[in-house]
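Have a look at data_20.txt; it's compact mmCIF, N, CA and C atoms:
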```txt
# COMPACT_ATOMS: atom_id res chain seq x y z
N MET A 1069 78.59 46.97 17.69
CA MET A 1069 78.36 47.03 16.27
C MET A 1069 77.53 48.26 15.94
N PRO A 1070 77.99 48.90 14.98
CA PRO A 1070 77.24 50.09 14.60
C PRO A 1070 75.96 49.72 13.87
N GLU A 1071 75.12 50.67 13.81
CA GLU A 1071 73.79 50.47 13.25
C GLU A 1071 73.87 50.10 11.78
N ALA A 1072 74.75 50.65 11.07
CA ALA A 1072 74.84 50.36 9.64
C ALA A 1072 75.24 48.93 9.42
N ALA A 1073 76.17 48.43 10.26
CA ALA A 1073 76.60 47.07 10.10
C ALA A 1073 75.48 46.11 10.49
N ARG A 1074 74.73 46.47 11.49
CA ARG A 1074 73.63 45.64 11.92
C ARG A 1074 72.58 45.53 10.82
N LYS A 1075 72.27 46.58 10.14
CA LYS A 1075 71.30 46.55 9.06
C LYS A 1075 71.82 45.73 7.90
N ALA A 1076 73.12 45.70 7.70
CA ALA A 1076 73.69 44.95 6.60
C ALA A 1076 73.57 43.46 6.86
N LEU A 1077 73.63 43.05 8.14
CA LEU A 1077 73.56 41.64 8.45
C LEU A 1077 72.10 41.12 8.44
N GLN A 1078 71.18 41.97 8.58
CA GLN A 1078 69.78 41.52 8.59
C GLN A 1078 69.35 41.19 7.17
N PRO A 1079 68.53 40.17 7.03
CA PRO A 1079 68.08 39.81 5.68
C PRO A 1079 67.17 40.89 5.12
N GLN A 1080 67.32 41.07 3.86
CA GLN A 1080 66.52 42.08 3.17
C GLN A 1080 65.19 41.46 2.75
N VAL A 1081 64.12 42.12 3.12
CA VAL A 1081 62.80 41.66 2.74
C VAL A 1081 62.32 42.56 1.62
N THR A 1082 62.01 41.93 0.52
CA THR A 1082 61.51 42.72 -0.60
C THR A 1082 59.99 42.66 -0.58
N PRO A 1083 59.37 43.76 -0.76
CA PRO A 1083 57.91 43.75 -0.76
C PRO A 1083 57.39 42.95 -1.94
N ASN A 1084 56.32 42.21 -1.70
CA ASN A 1084 55.71 41.38 -2.74
C ASN A 1084 54.89 42.28 -3.64
N ARG A 1085 55.18 42.16 -4.92
CA ARG A 1085 54.50 43.02 -5.87
C ARG A 1085 53.07 42.53 -6.13
N ASN A 1086 52.85 41.23 -5.96
CA ASN A 1086 51.50 40.67 -6.17
C ASN A 1086 50.84 40.50 -4.81
N PRO A 1087 50.01 41.41 -4.43
CA PRO A 1087 49.37 41.26 -3.13
C PRO A 1087 48.42 40.06 -3.15
N ILE A 1088 48.29 39.43 -2.01
CA ILE A 1088 47.40 38.26 -1.90
C ILE A 1088 45.96 38.77 -2.01
N PRO A 1089 45.23 38.20 -2.96
CA PRO A 1089 43.85 38.67 -3.10
C PRO A 1089 43.05 38.21 -1.88
N GLN A 1090 42.22 39.09 -1.42
CA GLN A 1090 41.38 38.73 -0.29
C GLN A 1090 40.27 37.80 -0.79
N GLU A 1091 39.94 36.83 0.08
CA GLU A 1091 38.91 35.87 -0.32
C GLU A 1091 37.56 36.56 -0.35
N ARG A 1092 36.85 36.26 -1.40
CA ARG A 1092 35.51 36.82 -1.52
C ARG A 1092 34.56 35.99 -0.66
N PRO A 1093 33.64 36.61 -0.03
CA PRO A 1093 32.68 35.81 0.76
C PRO A 1093 31.83 34.96 -0.17
N ILE A 1094 31.60 33.72 0.26
CA ILE A 1094 30.79 32.80 -0.55
C ILE A 1094 29.34 33.20 -0.37
N PRO A 1095 28.67 33.45 -1.48
CA PRO A 1095 27.27 33.87 -1.34
C PRO A 1095 26.42 32.70 -0.82
N ALA A 1096 25.45 33.00 -0.01
CA ALA A 1096 24.55 31.98 0.52
C ALA A 1096 23.73 31.43 -0.63
N PRO A 1097 23.50 30.10 -0.62
CA PRO A 1097 22.70 29.54 -1.71
C PRO A 1097 21.28 30.09 -1.66
N LYS A 1098 20.74 30.25 -2.82
CA LYS A 1098 19.38 30.77 -2.91
C LYS A 1098 18.41 29.73 -2.36
N ARG A 1099 17.47 30.18 -1.58
CA ARG A 1099 16.46 29.27 -1.03
C ARG A 1099 15.48 28.91 -2.13
N ARG A 1100 15.22 27.61 -2.22
CA ARG A 1100 14.29 27.13 -3.23
C ARG A 1100 12.88 27.28 -2.68
N THR A 1101 12.03 27.89 -3.40
CA THR A 1101 10.65 28.05 -2.96
C THR A 1101 9.81 26.93 -3.54
N LEU A 1102 8.73 26.61 -2.84
CA LEU A 1102 7.84 25.55 -3.30
C LEU A 1102 6.93 26.06 -4.40
N THR A 1103 6.69 25.17 -5.33
CA THR A 1103 5.74 25.52 -6.38
C THR A 1103 4.33 25.36 -5.82
N LEU A 1104 3.35 25.82 -6.53
CA LEU A 1104 1.97 25.72 -6.09
C LEU A 1104 1.57 24.26 -5.94
N PHE A 1105 1.99 23.42 -6.90
CA PHE A 1105 1.67 22.00 -6.84
C PHE A 1105 2.26 21.36 -5.60
N GLU A 1106 3.53 21.67 -5.30
CA GLU A 1106 4.18 21.10 -4.12
C GLU A 1106 3.54 21.60 -2.84
N SER A 1107 3.17 22.86 -2.80
CA SER A 1107 2.57 23.41 -1.59
C SER A 1107 1.19 22.82 -1.32
N ILE A 1108 0.55 22.29 -2.33
CA ILE A 1108 -0.73 21.60 -2.15
C ILE A 1108 -0.50 20.12 -1.89
N LEU A 1109 0.46 19.54 -2.61
CA LEU A 1109 0.70 18.09 -2.53
C LEU A 1109 1.20 17.66 -1.16
N TYR A 1110 2.16 18.36 -0.58
CA TYR A 1110 2.76 17.93 0.69
C TYR A 1110 1.74 17.88 1.82
N PRO A 1111 0.94 18.92 2.04
CA PRO A 1111 -0.06 18.79 3.11
C PRO A 1111 -1.10 17.70 2.84
N VAL A 1112 -1.45 17.51 1.57
CA VAL A 1112 -2.41 16.46 1.24
C VAL A 1112 -1.82 15.09 1.55
N MET A 1113 -0.55 14.89 1.20
CA MET A 1113 0.10 13.60 1.48
C MET A 1113 0.22 13.37 2.98
N ILE A 1114 0.63 14.37 3.72
CA ILE A 1114 0.77 14.23 5.17
C ILE A 1114 -0.60 13.97 5.79
N GLY A 1115 -1.60 14.70 5.35
CA GLY A 1115 -2.95 14.48 5.87
C GLY A 1115 -3.47 13.09 5.57
N SER A 1116 -3.20 12.59 4.36
CA SER A 1116 -3.68 11.26 4.01
C SER A 1116 -2.97 10.18 4.83
N VAL A 1117 -1.68 10.34 5.08
CA VAL A 1117 -0.95 9.37 5.90
C VAL A 1117 -1.52 9.37 7.32
N VAL A 1118 -1.76 10.55 7.87
CA VAL A 1118 -2.33 10.64 9.22
C VAL A 1118 -3.73 10.05 9.24
N MET A 1119 -4.53 10.33 8.21
CA MET A 1119 -5.90 9.82 8.16
C MET A 1119 -5.91 8.29 8.06
N PHE A 1120 -5.09 7.73 7.17
CA PHE A 1120 -5.06 6.28 7.03
C PHE A 1120 -4.50 5.62 8.27
N GLY A 1121 -3.56 6.26 8.93
CA GLY A 1121 -3.06 5.73 10.20
C GLY A 1121 -4.15 5.71 11.25
N GLY A 1122 -4.93 6.78 11.31
CA GLY A 1122 -6.04 6.83 12.26
C GLY A 1122 -7.09 5.80 11.96
N ILE A 1123 -7.39 5.61 10.68
CA ILE A 1123 -8.37 4.59 10.29
C ILE A 1123 -7.87 3.20 10.67
N THR A 1124 -6.59 2.95 10.44
CA THR A 1124 -6.02 1.64 10.78
C THR A 1124 -6.10 1.38 12.28
N VAL A 1125 -5.74 2.36 13.07
CA VAL A 1125 -5.82 2.20 14.53
C VAL A 1125 -7.26 2.00 14.95
N SER A 1126 -8.18 2.73 14.34
CA SER A 1126 -9.59 2.59 14.68
C SER A 1126 -10.10 1.19 14.36
N LYS A 1127 -9.74 0.66 13.20
CA LYS A 1127 -10.19 -0.67 12.81
C LYS A 1127 -9.60 -1.74 13.72
N HIS A 1128 -8.33 -1.58 14.11
CA HIS A 1128 -7.73 -2.53 15.03
C HIS A 1128 -8.45 -2.48 16.38
N ASN A 1129 -8.82 -1.30 16.80
CA ASN A 1129 -9.54 -1.14 18.07
C ASN A 1129 -10.90 -1.81 17.98
N GLU A 1130 -11.60 -1.64 16.87
CA GLU A 1130 -12.90 -2.29 16.68
C GLU A 1130 -12.76 -3.81 16.71
N ALA A 1131 -11.72 -4.32 16.03
CA ALA A 1131 -11.50 -5.77 16.00
C ALA A 1131 -11.20 -6.29 17.41
N TYR A 1132 -10.42 -5.54 18.17
CA TYR A 1132 -10.11 -5.95 19.54
C TYR A 1132 -11.38 -5.98 20.38
N ASN A 1133 -12.22 -4.95 20.24
CA ASN A 1133 -13.48 -4.90 21.01
C ASN A 1133 -14.39 -6.06 20.63
N MET A 1134 -14.45 -6.38 19.34
CA MET A 1134 -15.28 -7.50 18.89
C MET A 1134 -14.77 -8.82 19.47
N MET A 1135 -13.45 -9.00 19.46
CA MET A 1135 -12.89 -10.24 20.01
C MET A 1135 -13.15 -10.32 21.51
N ARG A 1136 -13.05 -9.18 22.22
CA ARG A 1136 -13.31 -9.15 23.65
C ARG A 1136 -14.77 -9.50 23.93
N ASP A 1137 -15.69 -8.92 23.15
CA ASP A 1137 -17.11 -9.22 23.33
C ASP A 1137 -17.42 -10.68 23.01
N THR A 1138 -16.80 -11.19 21.95
CA THR A 1138 -16.99 -12.60 21.58
C THR A 1138 -16.49 -13.52 22.68
N ALA A 1139 -15.35 -13.18 23.27
CA ALA A 1139 -14.82 -14.00 24.36
C ALA A 1139 -15.75 -13.97 25.56
N ALA A 1140 -16.33 -12.80 25.85
CA ALA A 1140 -17.27 -12.70 26.98
C ALA A 1140 -18.51 -13.54 26.71
N VAL A 1141 -19.03 -13.50 25.49
CA VAL A 1141 -20.22 -14.30 25.15
C VAL A 1141 -19.88 -15.79 25.22
N ASN A 1142 -18.72 -16.17 24.72
CA ASN A 1142 -18.31 -17.58 24.78
C ASN A 1142 -18.18 -18.04 26.23
N GLN A 1143 -17.68 -17.17 27.09
CA GLN A 1143 -17.56 -17.52 28.50
C GLN A 1143 -18.95 -17.72 29.11
N GLN A 1144 -19.90 -16.86 28.76
CA GLN A 1144 -21.27 -17.03 29.26
C GLN A 1144 -21.88 -18.32 28.73
N VAL A 1145 -21.66 -18.61 27.45
CA VAL A 1145 -22.20 -19.84 26.85
C VAL A 1145 -21.62 -21.06 27.56
N ASN A 1146 -20.31 -21.04 27.83
CA ASN A 1146 -19.69 -22.16 28.52
C ASN A 1146 -20.24 -22.31 29.94
N GLY A 1147 -20.50 -21.18 30.61
CA GLY A 1147 -21.09 -21.24 31.95
C GLY A 1147 -22.48 -21.84 31.93
N VAL A 1148 -23.29 -21.43 30.97
CA VAL A 1148 -24.66 -21.96 30.85
C VAL A 1148 -24.62 -23.44 30.49
N ALA A 1149 -23.70 -23.82 29.60
CA ALA A 1149 -23.58 -25.24 29.22
C ALA A 1149 -23.18 -26.08 30.43
N LYS A 1150 -22.27 -25.57 31.24
CA LYS A 1150 -21.84 -26.30 32.44
C LYS A 1150 -23.02 -26.43 33.42
N GLU A 1151 -23.77 -25.34 33.58
CA GLU A 1151 -24.93 -25.37 34.46
C GLU A 1151 -25.96 -26.37 33.95
N ASN A 1152 -26.16 -26.41 32.63
CA ASN A 1152 -27.10 -27.38 32.05
C ASN A 1152 -26.66 -28.82 32.32
N GLU A 1153 -25.38 -29.08 32.20
CA GLU A 1153 -24.87 -30.43 32.46
C GLU A 1153 -25.11 -30.81 33.92
N GLU A 1154 -24.85 -29.86 34.82
CA GLU A 1154 -25.08 -30.13 36.25
C GLU A 1154 -26.55 -30.39 36.51
N LEU A 1155 -27.44 -29.62 35.87
CA LEU A 1155 -28.87 -29.82 36.07
C LEU A 1155 -29.33 -31.16 35.48
N LYS A 1156 -28.77 -31.57 34.36
CA LYS A 1156 -29.12 -32.88 33.78
C LYS A 1156 -28.71 -34.01 34.72
N TYR A 1157 -27.53 -33.85 35.32
CA TYR A 1157 -27.07 -34.86 36.26
C TYR A 1157 -27.99 -34.91 37.48
N GLU A 1158 -28.39 -33.73 37.96
CA GLU A 1158 -29.30 -33.67 39.12
C GLU A 1158 -30.66 -34.27 38.77
N ILE A 1159 -31.16 -34.03 37.57
CA ILE A 1159 -32.43 -34.62 37.13
C ILE A 1159 -32.31 -36.13 37.08
N ALA A 1160 -31.16 -36.62 36.57
CA ALA A 1160 -30.97 -38.07 36.50
C ALA A 1160 -30.95 -38.67 37.90
N GLN A 1161 -30.33 -37.98 38.86
CA GLN A 1161 -30.30 -38.51 40.22
C GLN A 1161 -31.69 -38.48 40.86
N LEU A 1162 -32.40 -37.36 40.68
CA LEU A 1162 -33.71 -37.23 41.32
C LEU A 1162 -34.76 -38.15 40.71
N SER A 1163 -34.62 -38.50 39.46
CA SER A 1163 -35.64 -39.34 38.81
C SER A 1163 -35.24 -40.81 38.76
N SER A 1164 -34.26 -41.21 39.53
CA SER A 1164 -33.87 -42.61 39.52
C SER A 1164 -34.97 -43.46 40.19
N PRO A 1165 -35.25 -44.63 39.68
CA PRO A 1165 -36.31 -45.47 40.24
C PRO A 1165 -36.06 -45.85 41.70
N GLU A 1166 -34.82 -46.08 42.09
CA GLU A 1166 -34.53 -46.46 43.46
C GLU A 1166 -34.93 -45.34 44.42
N ARG A 1167 -34.66 -44.11 44.07
CA ARG A 1167 -35.02 -42.96 44.91
C ARG A 1167 -36.53 -42.86 45.03
N ILE A 1168 -37.20 -43.00 43.90
CA ILE A 1168 -38.67 -42.90 43.91
C ILE A 1168 -39.27 -44.00 44.79
N TYR A 1169 -38.76 -45.24 44.69
CA TYR A 1169 -39.26 -46.35 45.53
C TYR A 1169 -39.01 -46.05 47.01
N ALA A 1170 -37.83 -45.49 47.32
CA ALA A 1170 -37.50 -45.19 48.73
C ALA A 1170 -38.44 -44.13 49.28
N ILE A 1171 -38.73 -43.12 48.53
CA ILE A 1171 -39.64 -42.06 48.97
C ILE A 1171 -41.06 -42.62 49.11
N ALA A 1172 -41.46 -43.47 48.18
CA ALA A 1172 -42.81 -44.06 48.24
C ALA A 1172 -42.95 -44.93 49.47
N GLU A 1173 -41.95 -45.71 49.82
CA GLU A 1173 -42.01 -46.56 51.01
C GLU A 1173 -42.07 -45.72 52.27
N LYS A 1174 -41.35 -44.58 52.30
CA LYS A 1174 -41.40 -43.69 53.46
C LYS A 1174 -42.81 -43.13 53.65
N LEU A 1175 -43.49 -42.89 52.57
CA LEU A 1175 -44.83 -42.33 52.62
C LEU A 1175 -45.90 -43.41 52.87
N GLY A 1176 -45.46 -44.66 52.97
CA GLY A 1176 -46.39 -45.75 53.27
C GLY A 1176 -46.98 -46.40 52.04
N MET A 1177 -46.49 -46.16 50.90
CA MET A 1177 -46.98 -46.78 49.68
C MET A 1177 -46.29 -48.12 49.49
N LYS A 1178 -47.06 -49.06 48.85
CA LYS A 1178 -46.50 -50.39 48.58
C LYS A 1178 -46.58 -50.66 47.09
N PHE A 1179 -45.61 -51.41 46.62
CA PHE A 1179 -45.53 -51.73 45.20
C PHE A 1179 -46.41 -52.94 44.92
N ASN A 1180 -47.38 -52.77 44.04
CA ASN A 1180 -48.26 -53.86 43.64
C ASN A 1180 -48.12 -54.00 42.13
N GLU A 1181 -47.64 -55.17 41.72
CA GLU A 1181 -47.38 -55.38 40.30
C GLU A 1181 -48.67 -55.45 39.49
N LYS A 1182 -49.78 -55.73 40.12
CA LYS A 1182 -51.04 -55.85 39.39
C LYS A 1182 -51.54 -54.46 38.95
N ASN A 1183 -51.16 -53.43 39.66
CA ASN A 1183 -51.61 -52.08 39.32
C ASN A 1183 -50.67 -51.35 38.35
N VAL A 1184 -49.58 -51.99 37.97
CA VAL A 1184 -48.59 -51.36 37.07
C VAL A 1184 -49.00 -51.65 35.65
N LYS A 1185 -49.06 -50.59 34.88
CA LYS A 1185 -49.37 -50.72 33.44
C LYS A 1185 -48.15 -50.31 32.65
N VAL A 1186 -47.75 -51.08 31.71
CA VAL A 1186 -46.60 -50.78 30.86
C VAL A 1186 -47.13 -50.22 29.56
N ILE A 1187 -46.68 -49.05 29.22
CA ILE A 1187 -47.11 -48.40 27.99
C ILE A 1187 -45.96 -48.45 27.01
N ASP A 1188 -46.24 -48.96 25.84
CA ASP A 1188 -45.20 -49.02 24.80
C ASP A 1188 -45.38 -47.96 23.77
```
Please express the file's structure as structure tokens.
Amino acid sequence: MPEAARKALQPQVTPNRNPIPQERPIPAPKRRTLTLFESILYPVMIGSVVMFGGITVSKHNEAYNMMRDTAAVNQQVNGVAKENEELKYEIAQLSSPERIYAIAEKLGMKFNEKNVKVID
């Protein structure tokens, strides 16, 4: 096939009269700057939240320490109360009349009802 015939069989492309417009770059959004009030308010708010959080933790720590100290004191009180009960029981045993009579008899003492005085 000759060249002329080949060109005749190929589709004709007509140039587009309206060129495709190139896309414009999208401008970056403007950065919003903080006002004077906002630049003061935000650090104050953050500082107050941190401060109140610290105060809360501190108060909880104080309450825990107080409860721990109270529990230690209660434990000591219970120990002393138990010791007192044991000592009262020991006093009751040592001051029983039967024990006193037994010790007196060992020492050679005799019970004489005429020498006993009852005080009311």
Check: So how many Å separate atom C of Met1119 in chain A and CA of Tyr1132 in chain A, to one decimal?
Finding: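 Separating atom C of Met1119 in chain A from CA of Tyr1132 in chain A is a distance of 18.8 Å.
Picture a line from CA of His1128 in chain A to atom C of Met1113 in chain A; it runs 21.5 Å.
Counting from CA of Pro1165 in chain A, the distance to atom N of Phe1179 in chain A is 12.7 Å.
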DSSP on the backbone, helix (DSSP H, G or I) only: what residues of range 1079-1135 of chain A does that give? Format it as a short mmCIF file (atom, residue, chain, number, x, y, z; two decimals) with N, CA and C atoms, keeping the file's coordinate frame.
```
data_model
loop_
_atom_site.label_atom_id
_atom_site.label_comp_id
_atom_site.auth_asym_id
_atom_site.auth_seq_id
_atom_site.Cartn_x
_atom_site.Cartn_y
_atom_site.Cartn_z
N LEU A 1104 3.35 25.82 -6.53
CA LEU A 1104 1.97 25.72 -6.09
C LEU A 1104 1.57 24.26 -5.94
N PHE A 1105 1.99 23.42 -6.90
CA PHE A 1105 1.67 22.00 -6.84
C PHE A 1105 2.26 21.36 -5.60
N GLU A 1106 3.53 21.67 -5.30
CA GLU A 1106 4.18 21.10 -4.12
C GLU A 1106 3.54 21.60 -2.84
N SER A 1107 3.17 22.86 -2.80
CA SER A 1107 2.57 23.41 -1.59
C SER A 1107 1.19 22.82 -1.32
N ILE A 1108 0.55 22.29 -2.33
CA ILE A 1108 -0.73 21.60 -2.15
C ILE A 1108 -0.50 20.12 -1.89
N LEU A 1109 0.46 19.54 -2.61
CA LEU A 1109 0.70 18.09 -2.53
C LEU A 1109 1.20 17.66 -1.16
N TYR A 1110 2.16 18.36 -0.58
CA TYR A 1110 2.76 17.93 0.69
C TYR A 1110 1.74 17.88 1.82
N PRO A 1111 0.94 18.92 2.04
CA PRO A 1111 -0.06 18.79 3.11
C PRO A 1111 -1.10 17.70 2.84
N VAL A 1112 -1.45 17.51 1.57
CA VAL A 1112 -2.41 16.46 1.24
C VAL A 1112 -1.82 15.09 1.55
N MET A 1113 -0.55 14.89 1.20
CA MET A 1113 0.10 13.60 1.48
C MET A 1113 0.22 13.37 2.98
N ILE A 1114 0.63 14.37 3.72
CA ILE A 1114 0.77 14.23 5.17
C ILE A 1114 -0.60 13.97 5.79
N GLY A 1115 -1.60 14.70 5.35
CA GLY A 1115 -2.95 14.48 5.87
C GLY A 1115 -3.47 13.09 5.57
N SER A 1116 -3.20 12.59 4.36
CA SER A 1116 -3.68 11.26 4.01
C SER A 1116 -2.97 10.18 4.83
N VAL A 1117 -1.68 10.34 5.08
CA VAL A 1117 -0.95 9.37 5.90
C VAL A 1117 -1.52 9.37 7.32
N VAL A 1118 -1.76 10.55 7.87
CA VAL A 1118 -2.33 10.64 9.22
C VAL A 1118 -3.73 10.05 9.24
N MET A 1119 -4.53 10.33 8.21
CA MET A 1119 -5.90 9.82 8.16
C MET A 1119 -5.91 8.29 8.06
N PHE A 1120 -5.09 7.73 7.17
CA PHE A 1120 -5.06 6.28 7.03
C PHE A 1120 -4.50 5.62 8.27
N GLY A 1121 -3.56 6.26 8.93
CA GLY A 1121 -3.06 5.73 10.20
C GLY A 1121 -4.15 5.71 11.25
N GLY A 1122 -4.93 6.78 11.31
CA GLY A 1122 -6.04 6.83 12.26
C GLY A 1122 -7.09 5.80 11.96
N ILE A 1123 -7.39 5.61 10.68
CA ILE A 1123 -8.37 4.59 10.29
C ILE A 1123 -7.87 3.20 10.67
N THR A 1124 -6.59 2.95 10.44
CA THR A 1124 -6.02 1.64 10.78
C THR A 1124 -6.10 1.38 12.28
N VAL A 1125 -5.74 2.36 13.07
CA VAL A 1125 -5.82 2.20 14.53
C VAL A 1125 -7.26 2.00 14.95
N SER A 1126 -8.18 2.73 14.34
CA SER A 1126 -9.59 2.59 14.68
C SER A 1126 -10.10 1.19 14.36
N LYS A 1127 -9.74 0.66 13.20
CA LYS A 1127 -10.19 -0.67 12.81
C LYS A 1127 -9.60 -1.74 13.72
N HIS A 1128 -8.33 -1.58 14.11
CA HIS A 1128 -7.73 -2.53 15.03
C HIS A 1128 -8.45 -2.48 16.38
N ASN A 1129 -8.82 -1.30 16.80
CA ASN A 1129 -9.54 -1.14 18.07
C ASN A 1129 -10.90 -1.81 17.98
N GLU A 1130 -11.60 -1.64 16.87
CA GLU A 1130 -12.90 -2.29 16.68
C GLU A 1130 -12.76 -3.81 16.71
N ALA A 1131 -11.72 -4.32 16.03
CA ALA A 1131 -11.50 -5.77 16.00
C ALA A 1131 -11.20 -6.29 17.41
N TYR A 1132 -10.42 -5.54 18.17
CA TYR A 1132 -10.11 -5.95 19.54
C TYR A 1132 -11.38 -5.98 20.38
N ASN A 1133 -12.22 -4.95 20.24
CA ASN A 1133 -13.48 -4.90 21.01
C ASN A 1133 -14.39 -6.06 20.63
N MET A 1134 -14.45 -6.38 19.34
CA MET A 1134 -15.28 -7.50 18.89
C MET A 1134 -14.77 -8.82 19.47
N MET A 1135 -13.45 -9.00 19.46
CA MET A 1135 -12.89 -10.24 20.01
C MET A 1135 -13.15 -10.32 21.51
#
```
